[in-house]
file target_25.cif (mmCIF, C-alpha atoms)
data_start
loop_
_atom_site.label_atom_id
_atom_site.label_comp_id
_atom_site.auth_asym_id
_atom_site.auth_seq_id
_atom_site.Cartn_x
_atom_site.Cartn_y
_atom_site.Cartn_z
CA MET A 1 11.39 -27.48 -51.23
CA ASP A 2 14.87 -28.89 -51.16
CA ASN A 3 15.87 -31.20 -53.95
CA ASP A 4 18.90 -32.91 -55.40
CA ILE A 5 18.09 -32.30 -59.05
CA ARG A 6 21.39 -30.51 -59.68
CA GLU A 7 23.39 -33.48 -58.43
CA ARG A 8 21.31 -35.95 -60.44
CA ARG A 9 21.52 -33.76 -63.56
CA GLU A 10 25.30 -33.39 -63.28
CA ALA A 11 25.70 -37.11 -62.64
CA ALA A 12 23.75 -37.70 -65.87
CA GLY A 13 26.01 -35.25 -67.73
CA LEU A 14 23.14 -32.95 -68.66
CA SER A 15 23.12 -29.18 -68.87
CA GLN A 16 20.21 -27.21 -67.47
CA ALA A 17 19.12 -26.42 -71.02
CA ALA A 18 19.22 -30.08 -72.01
CA LEU A 19 17.17 -31.14 -68.99
CA GLY A 20 14.72 -28.31 -69.69
CA GLU A 21 14.39 -29.46 -73.28
CA ALA A 22 13.67 -33.01 -72.11
CA LEU A 23 11.01 -31.81 -69.67
CA HIS A 24 9.54 -29.15 -72.02
CA VAL A 25 10.41 -26.27 -69.68
CA SER A 26 12.94 -23.45 -69.98
CA ARG A 27 16.51 -23.48 -68.69
CA GLN A 28 15.55 -20.68 -66.28
CA THR A 29 12.81 -22.85 -64.78
CA ILE A 30 15.26 -25.70 -64.20
CA ASN A 31 17.62 -23.24 -62.52
CA SER A 32 14.84 -21.88 -60.31
CA ILE A 33 13.80 -25.39 -59.25
CA GLU A 34 17.39 -26.42 -58.48
CA THR A 35 18.00 -23.34 -56.34
CA GLY A 36 14.69 -23.78 -54.51
CA ARG A 37 13.22 -20.51 -55.72
CA TYR A 38 10.39 -22.29 -57.52
CA ASP A 39 8.45 -25.41 -56.55
CA PRO A 40 7.29 -27.37 -59.62
CA SER A 41 3.70 -28.42 -60.15
CA LEU A 42 2.77 -32.03 -59.47
CA PRO A 43 2.87 -33.09 -63.15
CA LEU A 44 6.30 -31.50 -63.59
CA ALA A 45 7.56 -33.05 -60.33
CA PHE A 46 6.41 -36.46 -61.57
CA ALA A 47 8.08 -35.82 -64.93
CA ILE A 48 11.36 -34.94 -63.20
CA ALA A 49 11.25 -38.06 -61.05
CA ARG A 50 10.37 -40.21 -64.07
CA HIS A 51 13.27 -38.70 -66.04
CA PHE A 52 15.71 -39.78 -63.35
CA HIS A 53 13.99 -43.18 -62.94
CA THR A 54 13.13 -42.58 -59.30
CA THR A 55 10.27 -41.38 -57.10
CA ILE A 56 9.24 -37.85 -56.15
CA GLU A 57 10.15 -38.49 -52.51
CA GLU A 58 13.70 -39.38 -53.54
CA VAL A 59 14.13 -36.12 -55.46
CA PHE A 60 12.23 -33.59 -53.34
CA HIS A 61 12.63 -33.15 -49.60
CA GLU A 62 10.49 -31.03 -47.36
CA GLU A 63 12.48 -28.27 -45.70
CA ALA A 64 12.97 -28.63 -41.94
CA ARG A 65 10.39 -26.52 -40.09
CA HIS A 66 11.75 -24.06 -37.56
CA PRO A 67 9.69 -23.61 -34.38
CA MET B 1 -5.48 -32.99 -66.95
CA LYS B 2 -6.07 -31.03 -70.17
CA LYS B 3 -4.54 -32.65 -73.26
CA PRO B 4 -1.87 -30.45 -74.86
CA ALA B 5 -2.84 -28.98 -78.23
CA THR B 6 -1.41 -30.60 -81.35
CA ARG B 7 0.93 -28.61 -83.60
CA LYS B 8 -1.90 -28.14 -86.15
CA GLN B 9 -4.26 -26.87 -83.42
CA GLN B 10 -1.61 -24.44 -82.17
CA ILE B 11 -1.07 -23.02 -85.66
CA ILE B 12 -4.81 -22.63 -86.28
CA ARG B 13 -5.24 -20.95 -82.89
CA ARG B 14 -2.43 -18.48 -83.57
CA VAL B 15 -3.68 -17.63 -87.05
CA CYS B 16 -7.15 -16.98 -85.60
CA TRP B 17 -5.74 -14.65 -82.91
CA ILE B 18 -3.73 -12.72 -85.51
CA LEU B 19 -6.85 -12.35 -87.70
CA ILE B 20 -8.84 -11.13 -84.68
CA ALA B 21 -6.11 -8.59 -83.91
CA LEU B 22 -6.16 -7.36 -87.53
CA ILE B 23 -9.95 -6.97 -87.40
CA LEU B 24 -9.72 -5.05 -84.11
CA ILE B 25 -7.09 -2.71 -85.55
CA ASP B 26 -9.35 -2.08 -88.55
CA LEU B 27 -12.34 -1.36 -86.30
CA ILE B 28 -10.43 1.10 -84.11
CA ALA B 29 -8.89 2.81 -87.15
CA TRP B 30 -12.33 3.00 -88.78
CA ALA B 31 -13.60 4.72 -85.65
CA GLY B 32 -10.78 7.24 -86.06
CA TYR B 33 -11.64 7.92 -89.71
CA ALA B 34 -15.37 8.06 -88.93
CA SER B 35 -14.75 10.72 -86.28
CA ASP B 36 -12.62 12.75 -88.70
CA ARG B 37 -9.30 11.89 -87.01
CA PRO B 38 -7.20 10.41 -89.84
CA SER B 39 -3.90 10.85 -87.96
CA PHE B 40 -5.31 8.78 -85.08
CA ALA B 41 -6.36 6.09 -87.54
CA ARG B 42 -2.92 6.11 -89.21
CA GLY B 43 -1.32 5.76 -85.76
CA VAL B 44 -3.52 2.77 -85.00
CA PHE B 45 -2.54 1.11 -88.29
CA ILE B 46 1.17 1.74 -87.72
CA GLY B 47 1.22 0.81 -84.02
CA GLY B 48 -1.03 -2.18 -84.48
CA GLY B 49 0.91 -3.36 -87.49
CA VAL B 50 4.20 -3.14 -85.59
CA ALA B 51 2.71 -5.01 -82.63
CA ILE B 52 1.43 -7.83 -84.86
CA ALA B 53 4.75 -8.01 -86.70
CA LEU B 54 6.53 -8.39 -83.35
CA VAL B 55 4.15 -11.16 -82.32
CA VAL B 56 4.72 -13.02 -85.60
CA LEU B 57 8.49 -12.62 -85.14
CA ALA B 58 8.18 -13.96 -81.59
CA LEU B 59 6.22 -16.95 -82.91
CA VAL B 60 8.92 -17.66 -85.47
CA ILE B 61 11.72 -17.44 -82.88
CA GLY B 62 9.60 -19.56 -80.55
CA ARG B 63 11.01 -21.54 -77.64
CA ARG B 64 14.58 -20.72 -78.66
CA GLY B 65 14.12 -17.12 -77.55
CA PRO B 66 14.48 -15.46 -74.14
CA THR B 67 11.63 -15.31 -71.62
CA ALA B 68 10.00 -12.15 -73.01
CA ILE B 69 9.89 -13.59 -76.54
CA ARG B 70 8.38 -16.82 -75.26
CA VAL B 71 5.71 -14.92 -73.30
CA PHE B 72 4.93 -12.76 -76.35
CA SER B 73 4.50 -15.84 -78.49
CA GLY B 74 2.50 -17.76 -75.89
CA GLN B 75 5.05 -20.55 -75.67
CA ILE B 76 5.73 -20.48 -71.98
CA ASP B 77 6.12 -23.10 -69.28
CA GLU B 78 4.28 -23.26 -65.95
CA ARG B 79 6.70 -21.02 -64.05
CA GLU B 80 6.61 -18.31 -66.72
CA LEU B 81 2.80 -18.60 -66.86
CA ALA B 82 2.62 -17.96 -63.12
CA ILE B 83 4.95 -14.96 -63.48
CA LYS B 84 2.89 -13.58 -66.36
CA ASN B 85 -0.38 -13.96 -64.42
CA GLN B 86 1.10 -12.28 -61.36
CA ALA B 87 2.41 -9.40 -63.50
CA LEU B 88 -1.01 -8.97 -65.10
CA ALA B 89 -2.61 -8.87 -61.64
CA HIS B 90 -0.16 -6.17 -60.52
CA SER B 91 -0.90 -4.29 -63.74
CA ALA B 92 -4.65 -4.45 -63.09
CA VAL B 93 -4.24 -3.05 -59.58
CA ALA B 94 -2.04 -0.25 -60.86
CA MET B 95 -4.60 0.63 -63.55
CA LEU B 96 -7.37 0.66 -60.93
CA LEU B 97 -5.42 3.01 -58.68
CA THR B 98 -4.46 5.23 -61.62
CA ALA B 99 -8.08 5.43 -62.74
CA ALA B 100 -9.10 6.47 -59.23
CA GLY B 101 -6.42 9.14 -59.22
CA CYS B 102 -7.42 10.35 -62.67
CA GLU B 103 -11.01 10.72 -61.48
CA VAL B 104 -9.75 13.37 -59.10
CA GLY B 105 -7.72 14.84 -61.96
CA THR B 106 -10.82 15.31 -64.09
CA LEU B 107 -12.19 17.62 -61.39
CA TYR B 108 -9.25 19.90 -62.20
CA GLY B 109 -9.65 19.77 -65.97
CA MET B 110 -7.66 16.63 -66.91
CA PRO B 111 -8.76 15.69 -70.47
CA ALA B 112 -10.29 12.29 -71.19
CA LEU B 113 -7.48 11.27 -73.56
CA ALA B 114 -4.93 11.94 -70.80
CA VAL B 115 -6.95 9.79 -68.40
CA ALA B 116 -7.11 6.89 -70.85
CA GLY B 117 -3.42 7.24 -71.71
CA SER B 118 -2.38 7.39 -68.05
CA VAL B 119 -4.33 4.28 -67.12
CA ILE B 120 -2.92 2.30 -70.04
CA ALA B 121 0.63 3.58 -69.57
CA MET B 122 0.64 2.77 -65.85
CA GLY B 123 -0.74 -0.69 -66.55
CA VAL B 124 1.97 -1.41 -69.11
CA LEU B 125 4.78 0.05 -66.95
CA VAL B 126 3.83 -1.81 -63.80
CA GLY B 127 3.15 -5.04 -65.70
CA VAL B 128 6.54 -4.95 -67.41
CA ALA B 129 8.37 -3.97 -64.19
CA SER B 130 6.66 -6.72 -62.23
CA PHE B 131 7.48 -9.28 -64.91
CA ILE B 132 11.16 -8.30 -65.00
CA LEU B 133 11.55 -8.29 -61.20
CA GLN B 134 9.85 -11.66 -60.81
CA THR B 135 11.89 -13.21 -63.62
CA ARG B 136 15.16 -12.00 -62.04
CA ARG B 137 14.18 -13.18 -58.58
CA GLY B 138 13.35 -16.61 -59.95
#
call {"tool": "encode", "arguments": {"input": "target_25.cif", "output": "structure tokens"}}
result
Amino acid sequence: MDNDIRERREAAGLSQAALGEALHVSRQTINSIETGRYDPSLPLAFAIARHFHTTIEEVFHEEARHP
Amino acid sequence: MKKPATRKQQIIRRVCWILIALILIDLIAWAGYASDRPSFARGVFIGGGVAIALVVLALVIGRRGPTAIRVFSGQIDERELAIKNQALAHSAVAMLLTAAGCEVGTLYGMPALAVAGSVIAMGVLVGVASFILQTRRG
């Protein structure tokens, strides 16, 4: 899934490690989520949205389906 | 959703697992001594002791360490848990295939110890390789 976590994180002045620490996940997991290589679980997705004071739909976007 | 364990519960759990590992090492070593193989028993004590020492070290380093240390100490997040489970599944398949191959080997005189060693070695190799590849690919 596409997401704008990197932009939100950078706007908040956080490093990947700092965001990982806040969400109780590793820096590598944050990197994988930001680059779209890993889709977080529902609880983690909610935690990410809550951290940025927004909703899941605002953070995560379904990729456009190709016919 | 399951409630996360408290710090005290985590410590108790880890101490219990270490005690279980120590008991298992003793049992296997005892089997070696009982079957008149003292060098085997000494190897179990040394290898098992090193393995437990590494686990304790990993627990001390904890979340601050790299992925492998965190997996070793059981302090992993959801992504790393998924990677670990996938690696274990690959390891199990490799061990199954190796065992099947070794069955054929026994027809040509392959000793039992070589069969056991091959199955374990292949499981460890494939498990580690799978873990590393998955971690690098994200």
call {"tool": "interface_residues", "arguments": {"input": "target_25.cif", "of": "chain B", "to": "chain A", "cutoff": "8 Å", "atoms": "only C-alpha atoms", "output": "list in words"}}
result
Ile76, Asp77, Glu78, Arg79, Glu80, Arg137 and Gly138 of chain B
call {"tool": "resolve_selection", "arguments": {"input": "target_25.cif", "expression": "the PyMOL selection byres ((chain B and resi 127) around 8)", "output": "number ranges by chain"}}
result
B: 87-88, 90-91, 123-126, 128-131
call {"tool": "resolve_selection", "arguments": {"input": "target_25.cif", "expression": "the PyMOL selection byres ((chain B and resi 98) around 12)", "output": "list in words"}}
result
Ser91, Ala92, Val93, Ala94, Met95, Leu96, Leu97, Ala99, Ala100, Gly101, Cys102, Glu103, Val104, Gly105, Ala114, Val115, Ala116, Gly117, Ser118, Val119, Ile120, Ala121, Met122, Gly123, Val124, Leu125 and Val126 of chain B
call {"tool": "closest_residue", "arguments": {"input": "target_25.cif", "among": "A:Glu62, A:Ala49, A:Glu34, A:Thr55", "to": "A:Glu10", "atoms": "all atoms listed in the file"}}
result
A:Glu34
call {"tool": "residues_near_point", "arguments": {"input": "target_25.cif", "point": "(21.1, -30.5, -54.7)", "cutoff": "12 Å", "atoms": "all atoms listed in the file", "output": "PDB file with C-alpha atoms, in the frame of the given file"}}
result
ATOM      1  CA  MET A   1      11.390 -27.480 -51.230  1.00  0.00           C
ATOM      2  CA  ASP A   2      14.870 -28.890 -51.160  1.00  0.00           C
ATOM      3  CA  ASN A   3      15.870 -31.200 -53.950  1.00  0.00           C
ATOM      4  CA  ASP A   4      18.900 -32.910 -55.400  1.00  0.00           C
ATOM      5  CA  ILE A   5      18.090 -32.300 -59.050  1.00  0.00           C
ATOM      6  CA  ARG A   6      21.390 -30.510 -59.680  1.00  0.00           C
ATOM      7  CA  GLU A   7      23.390 -33.480 -58.430  1.00  0.00           C
ATOM      8  CA  ARG A   8      21.310 -35.950 -60.440  1.00  0.00           C
ATOM      9  CA  ARG A   9      21.520 -33.760 -63.560  1.00  0.00           C
ATOM     10  CA  GLU A  10      25.300 -33.390 -63.280  1.00  0.00           C
ATOM     11  CA  ALA A  11      25.700 -37.110 -62.640  1.00  0.00           C
ATOM     12  CA  ASN A  31      17.620 -23.240 -62.520  1.00  0.00           C
ATOM     13  CA  ILE A  33      13.800 -25.390 -59.250  1.00  0.00           C
ATOM     14  CA  GLU A  34      17.390 -26.420 -58.480  1.00  0.00           C
ATOM     15  CA  THR A  35      18.000 -23.340 -56.340  1.00  0.00           C
ATOM     16  CA  GLY A  36      14.690 -23.780 -54.510  1.00  0.00           C
ATOM     17  CA  GLU A  58      13.700 -39.380 -53.540  1.00  0.00           C
ATOM     18  CA  VAL A  59      14.130 -36.120 -55.460  1.00  0.00           C
ATOM     19  CA  PHE A  60      12.230 -33.590 -53.340  1.00  0.00           C
ATOM     20  CA  HIS A  61      12.630 -33.150 -49.600  1.00  0.00           C
TER      21      HIS A  61
END
call {"tool": "resolve_selection", "arguments": {"input": "target_25.cif", "expression": "the PyMOL selection byres ((chain B and resi 14) around 12)", "output": "short mmCIF file (atom, residue, chain, number, x, y, z; two decimals) with C-alpha atoms, keeping the file's coordinate frame"}}
result
data_model
loop_
_atom_site.label_atom_id
_atom_site.label_comp_id
_atom_site.auth_asym_id
_atom_site.auth_seq_id
_atom_site.Cartn_x
_atom_site.Cartn_y
_atom_site.Cartn_z
CA ALA B 5 -2.84 -28.98 -78.23
CA ARG B 7 0.93 -28.61 -83.60
CA LYS B 8 -1.90 -28.14 -86.15
CA GLN B 9 -4.26 -26.87 -83.42
CA GLN B 10 -1.61 -24.44 -82.17
CA ILE B 11 -1.07 -23.02 -85.66
CA ILE B 12 -4.81 -22.63 -86.28
CA ARG B 13 -5.24 -20.95 -82.89
CA VAL B 15 -3.68 -17.63 -87.05
CA CYS B 16 -7.15 -16.98 -85.60
CA TRP B 17 -5.74 -14.65 -82.91
CA ILE B 18 -3.73 -12.72 -85.51
CA LEU B 19 -6.85 -12.35 -87.70
CA ILE B 20 -8.84 -11.13 -84.68
CA ALA B 21 -6.11 -8.59 -83.91
CA ILE B 52 1.43 -7.83 -84.86
CA VAL B 55 4.15 -11.16 -82.32
CA VAL B 56 4.72 -13.02 -85.60
CA ALA B 58 8.18 -13.96 -81.59
CA LEU B 59 6.22 -16.95 -82.91
CA VAL B 60 8.92 -17.66 -85.47
CA PHE B 72 4.93 -12.76 -76.35
CA SER B 73 4.50 -15.84 -78.49
CA GLY B 74 2.50 -17.76 -75.89
CA GLN B 75 5.05 -20.55 -75.67
#
call {"tool": "atom_distance", "arguments": {"input": "target_25.cif", "atom1": "atom CA of B:Asp26", "atom2": "atom CA of B:Phe45"}}
result
7.5 Å
call {"tool": "atom_distance", "arguments": {"input": "target_25.cif", "atom1": "atom CA of B:Ala41", "atom2": "atom CA of B:Ile28"}}
result
7.3 Å
call {"tool": "closest_residue", "arguments": {"input": "target_25.cif", "among": "B:Gly49, B:Asn85, B:Leu54, B:Leu113", "to": "B:Leu24", "atoms": "only C-alpha atoms"}}
result
B:Gly49
call {"tool": "atom_distance", "arguments": {"input": "target_25.cif", "atom1": "atom CA of A:Ala18", "atom2": "atom CA of B:Ile132"}}
result
24.3 Å
call {"tool": "axis_aligned_box", "arguments": {"input": "target_25.cif", "around": "stretch 37-55 of chain A", "padding_each_side": "4 Å", "output": "JSON"}}
result
{"center_x": 9.2, "center_y": -31.8, "center_z": -60.9, "size_x": 20.9, "size_y": 30.7, "size_z": 18.3}
call {"tool": "residues_around", "arguments": {"input": "target_25.cif", "residues": "B:Arg42", "least_positions_apart": "3", "cutoff": "10 Å", "atoms": "all atoms listed in the file", "output": "number ranges by chain"}}
result
B: 29-30, 32-33, 37-39, 45-48
call {"tool": "write_last_selection", "arguments": {"input": "target_25.cif", "atoms": "C-alpha atoms", "output": "compact mmCIF listing (two decimals), in the frame of the given file"}}
result
# COMPACT_ATOMS: atom_id res chain seq x y z
CA ALA B 29 -8.89 2.81 -87.15
CA TRP B 30 -12.33 3.00 -88.78
CA GLY B 32 -10.78 7.24 -86.06
CA TYR B 33 -11.64 7.92 -89.71
CA ARG B 37 -9.30 11.89 -87.01
CA PRO B 38 -7.20 10.41 -89.84
CA SER B 39 -3.90 10.85 -87.96
CA PHE B 45 -2.54 1.11 -88.29
CA ILE B 46 1.17 1.74 -87.72
CA GLY B 47 1.22 0.81 -84.02
CA GLY B 48 -1.03 -2.18 -84.48
call {"tool": "build_atoms", "arguments": {"input": "target_25.cif", "residues": "stretch 26-55 of chain B", "atoms": "N, CA and C atoms", "output": "PDB file, in the coordinates of the input"}}
result
ATOM      1  N   ASP B  26      -8.521  -2.701 -87.505  1.00  0.00           N
ATOM      2  CA  ASP B  26      -9.350  -2.080 -88.550  1.00  0.00           C
ATOM      3  C   ASP B  26     -10.529  -1.333 -87.923  1.00  0.00           C
ATOM      4  N   LEU B  27     -11.166  -1.964 -86.933  1.00  0.00           N
ATOM      5  CA  LEU B  27     -12.340  -1.360 -86.300  1.00  0.00           C
ATOM      6  C   LEU B  27     -11.968  -0.056 -85.590  1.00  0.00           C
ATOM      7  N   ILE B  28     -10.855  -0.095 -84.849  1.00  0.00           N
ATOM      8  CA  ILE B  28     -10.430   1.100 -84.110  1.00  0.00           C
ATOM      9  C   ILE B  28     -10.023   2.200 -85.095  1.00  0.00           C
ATOM     10  N   ALA B  29      -9.298   1.813 -86.151  1.00  0.00           N
ATOM     11  CA  ALA B  29      -8.890   2.810 -87.150  1.00  0.00           C
ATOM     12  C   ALA B  29     -10.119   3.393 -87.857  1.00  0.00           C
ATOM     13  N   TRP B  30     -11.088   2.519 -88.151  1.00  0.00           N
ATOM     14  CA  TRP B  30     -12.330   3.000 -88.780  1.00  0.00           C
ATOM     15  C   TRP B  30     -13.005   4.029 -87.895  1.00  0.00           C
ATOM     16  N   ALA B  31     -13.003   3.764 -86.586  1.00  0.00           N
ATOM     17  CA  ALA B  31     -13.600   4.720 -85.650  1.00  0.00           C
ATOM     18  C   ALA B  31     -12.870   6.069 -85.738  1.00  0.00           C
ATOM     19  N   GLY B  32     -11.559   6.005 -85.905  1.00  0.00           N
ATOM     20  CA  GLY B  32     -10.780   7.240 -86.060  1.00  0.00           C
ATOM     21  C   GLY B  32     -11.164   7.984 -87.319  1.00  0.00           C
ATOM     22  N   TYR B  33     -11.246   7.271 -88.442  1.00  0.00           N
ATOM     23  CA  TYR B  33     -11.640   7.920 -89.710  1.00  0.00           C
ATOM     24  C   TYR B  33     -13.059   8.445 -89.631  1.00  0.00           C
ATOM     25  N   ALA B  34     -13.955   7.659 -88.998  1.00  0.00           N
ATOM     26  CA  ALA B  34     -15.370   8.060 -88.930  1.00  0.00           C
ATOM     27  C   ALA B  34     -15.551   9.325 -88.104  1.00  0.00           C
ATOM     28  N   SER B  35     -14.642   9.518 -87.107  1.00  0.00           N
ATOM     29  CA  SER B  35     -14.750  10.720 -86.280  1.00  0.00           C
ATOM     30  C   SER B  35     -13.811  11.822 -86.775  1.00  0.00           C
ATOM     31  N   ASP B  36     -13.421  11.714 -88.033  1.00  0.00           N
ATOM     32  CA  ASP B  36     -12.620  12.750 -88.700  1.00  0.00           C
ATOM     33  C   ASP B  36     -11.273  12.954 -87.998  1.00  0.00           C
ATOM     34  N   ARG B  37     -10.641  11.841 -87.620  1.00  0.00           N
ATOM     35  CA  ARG B  37      -9.300  11.890 -87.010  1.00  0.00           C
ATOM     36  C   ARG B  37      -8.380  10.948 -87.797  1.00  0.00           C
ATOM     37  N   PRO B  38      -8.010  11.310 -89.012  1.00  0.00           N
ATOM     38  CA  PRO B  38      -7.200  10.410 -89.840  1.00  0.00           C
ATOM     39  C   PRO B  38      -5.817  10.130 -89.255  1.00  0.00           C
ATOM     40  N   SER B  39      -5.241  11.086 -88.540  1.00  0.00           N
ATOM     41  CA  SER B  39      -3.900  10.850 -87.960  1.00  0.00           C
ATOM     42  C   SER B  39      -3.984   9.794 -86.863  1.00  0.00           C
ATOM     43  N   PHE B  40      -5.071   9.805 -86.107  1.00  0.00           N
ATOM     44  CA  PHE B  40      -5.310   8.780 -85.080  1.00  0.00           C
ATOM     45  C   PHE B  40      -5.400   7.409 -85.743  1.00  0.00           C
ATOM     46  N   ALA B  41      -6.175   7.356 -86.826  1.00  0.00           N
ATOM     47  CA  ALA B  41      -6.360   6.090 -87.540  1.00  0.00           C
ATOM     48  C   ALA B  41      -5.033   5.590 -88.097  1.00  0.00           C
ATOM     49  N   ARG B  42      -4.234   6.513 -88.667  1.00  0.00           N
ATOM     50  CA  ARG B  42      -2.920   6.110 -89.210  1.00  0.00           C
ATOM     51  C   ARG B  42      -2.043   5.573 -88.083  1.00  0.00           C
ATOM     52  N   GLY B  43      -2.098   6.221 -86.910  1.00  0.00           N
ATOM     53  CA  GLY B  43      -1.320   5.760 -85.760  1.00  0.00           C
ATOM     54  C   GLY B  43      -1.728   4.366 -85.337  1.00  0.00           C
ATOM     55  N   VAL B  44      -3.029   4.100 -85.377  1.00  0.00           N
ATOM     56  CA  VAL B  44      -3.520   2.770 -85.000  1.00  0.00           C
ATOM     57  C   VAL B  44      -2.988   1.719 -85.981  1.00  0.00           C
ATOM     58  N   PHE B  45      -3.037   2.060 -87.276  1.00  0.00           N
ATOM     59  CA  PHE B  45      -2.540   1.110 -88.290  1.00  0.00           C
ATOM     60  C   PHE B  45      -1.057   0.835 -88.075  1.00  0.00           C
ATOM     61  N   ILE B  46      -0.279   1.904 -87.847  1.00  0.00           N
ATOM     62  CA  ILE B  46       1.170   1.740 -87.720  1.00  0.00           C
ATOM     63  C   ILE B  46       1.503   0.976 -86.432  1.00  0.00           C
ATOM     64  N   GLY B  47       0.940   1.463 -85.301  1.00  0.00           N
ATOM     65  CA  GLY B  47       1.220   0.810 -84.020  1.00  0.00           C
ATOM     66  C   GLY B  47       0.736  -0.615 -83.982  1.00  0.00           C
ATOM     67  N   GLY B  48      -0.486  -0.825 -84.459  1.00  0.00           N
ATOM     68  CA  GLY B  48      -1.030  -2.180 -84.480  1.00  0.00           C
ATOM     69  C   GLY B  48      -0.258  -3.100 -85.389  1.00  0.00           C
ATOM     70  N   GLY B  49       0.137  -2.558 -86.544  1.00  0.00           N
ATOM     71  CA  GLY B  49       0.910  -3.360 -87.490  1.00  0.00           C
ATOM     72  C   GLY B  49       2.255  -3.769 -86.900  1.00  0.00           C
ATOM     73  N   VAL B  50       2.908  -2.829 -86.224  1.00  0.00           N
ATOM     74  CA  VAL B  50       4.200  -3.140 -85.590  1.00  0.00           C
ATOM     75  C   VAL B  50       4.018  -4.201 -84.512  1.00  0.00           C
ATOM     76  N   ALA B  51       2.965  -4.045 -83.703  1.00  0.00           N
ATOM     77  CA  ALA B  51       2.710  -5.010 -82.630  1.00  0.00           C
ATOM     78  C   ALA B  51       2.487  -6.417 -83.200  1.00  0.00           C
ATOM     79  N   ILE B  52       1.700  -6.505 -84.257  1.00  0.00           N
ATOM     80  CA  ILE B  52       1.430  -7.830 -84.860  1.00  0.00           C
ATOM     81  C   ILE B  52       2.696  -8.397 -85.482  1.00  0.00           C
ATOM     82  N   ALA B  53       3.489  -7.534 -86.116  1.00  0.00           N
ATOM     83  CA  ALA B  53       4.750  -8.010 -86.700  1.00  0.00           C
ATOM     84  C   ALA B  53       5.667  -8.565 -85.618  1.00  0.00           C
ATOM     85  N   LEU B  54       5.693  -7.916 -84.454  1.00  0.00           N
ATOM     86  CA  LEU B  54       6.530  -8.390 -83.350  1.00  0.00           C
ATOM     87  C   LEU B  54       6.041  -9.743 -82.839  1.00  0.00           C
ATOM     88  N   VAL B  55       4.713  -9.893 -82.773  1.00  0.00           N
ATOM     89  CA  VAL B  55       4.150 -11.160 -82.320  1.00  0.00           C
ATOM     90  C   VAL B  55       4.516 -12.282 -83.294  1.00  0.00           C
TER      91      VAL B  55
END
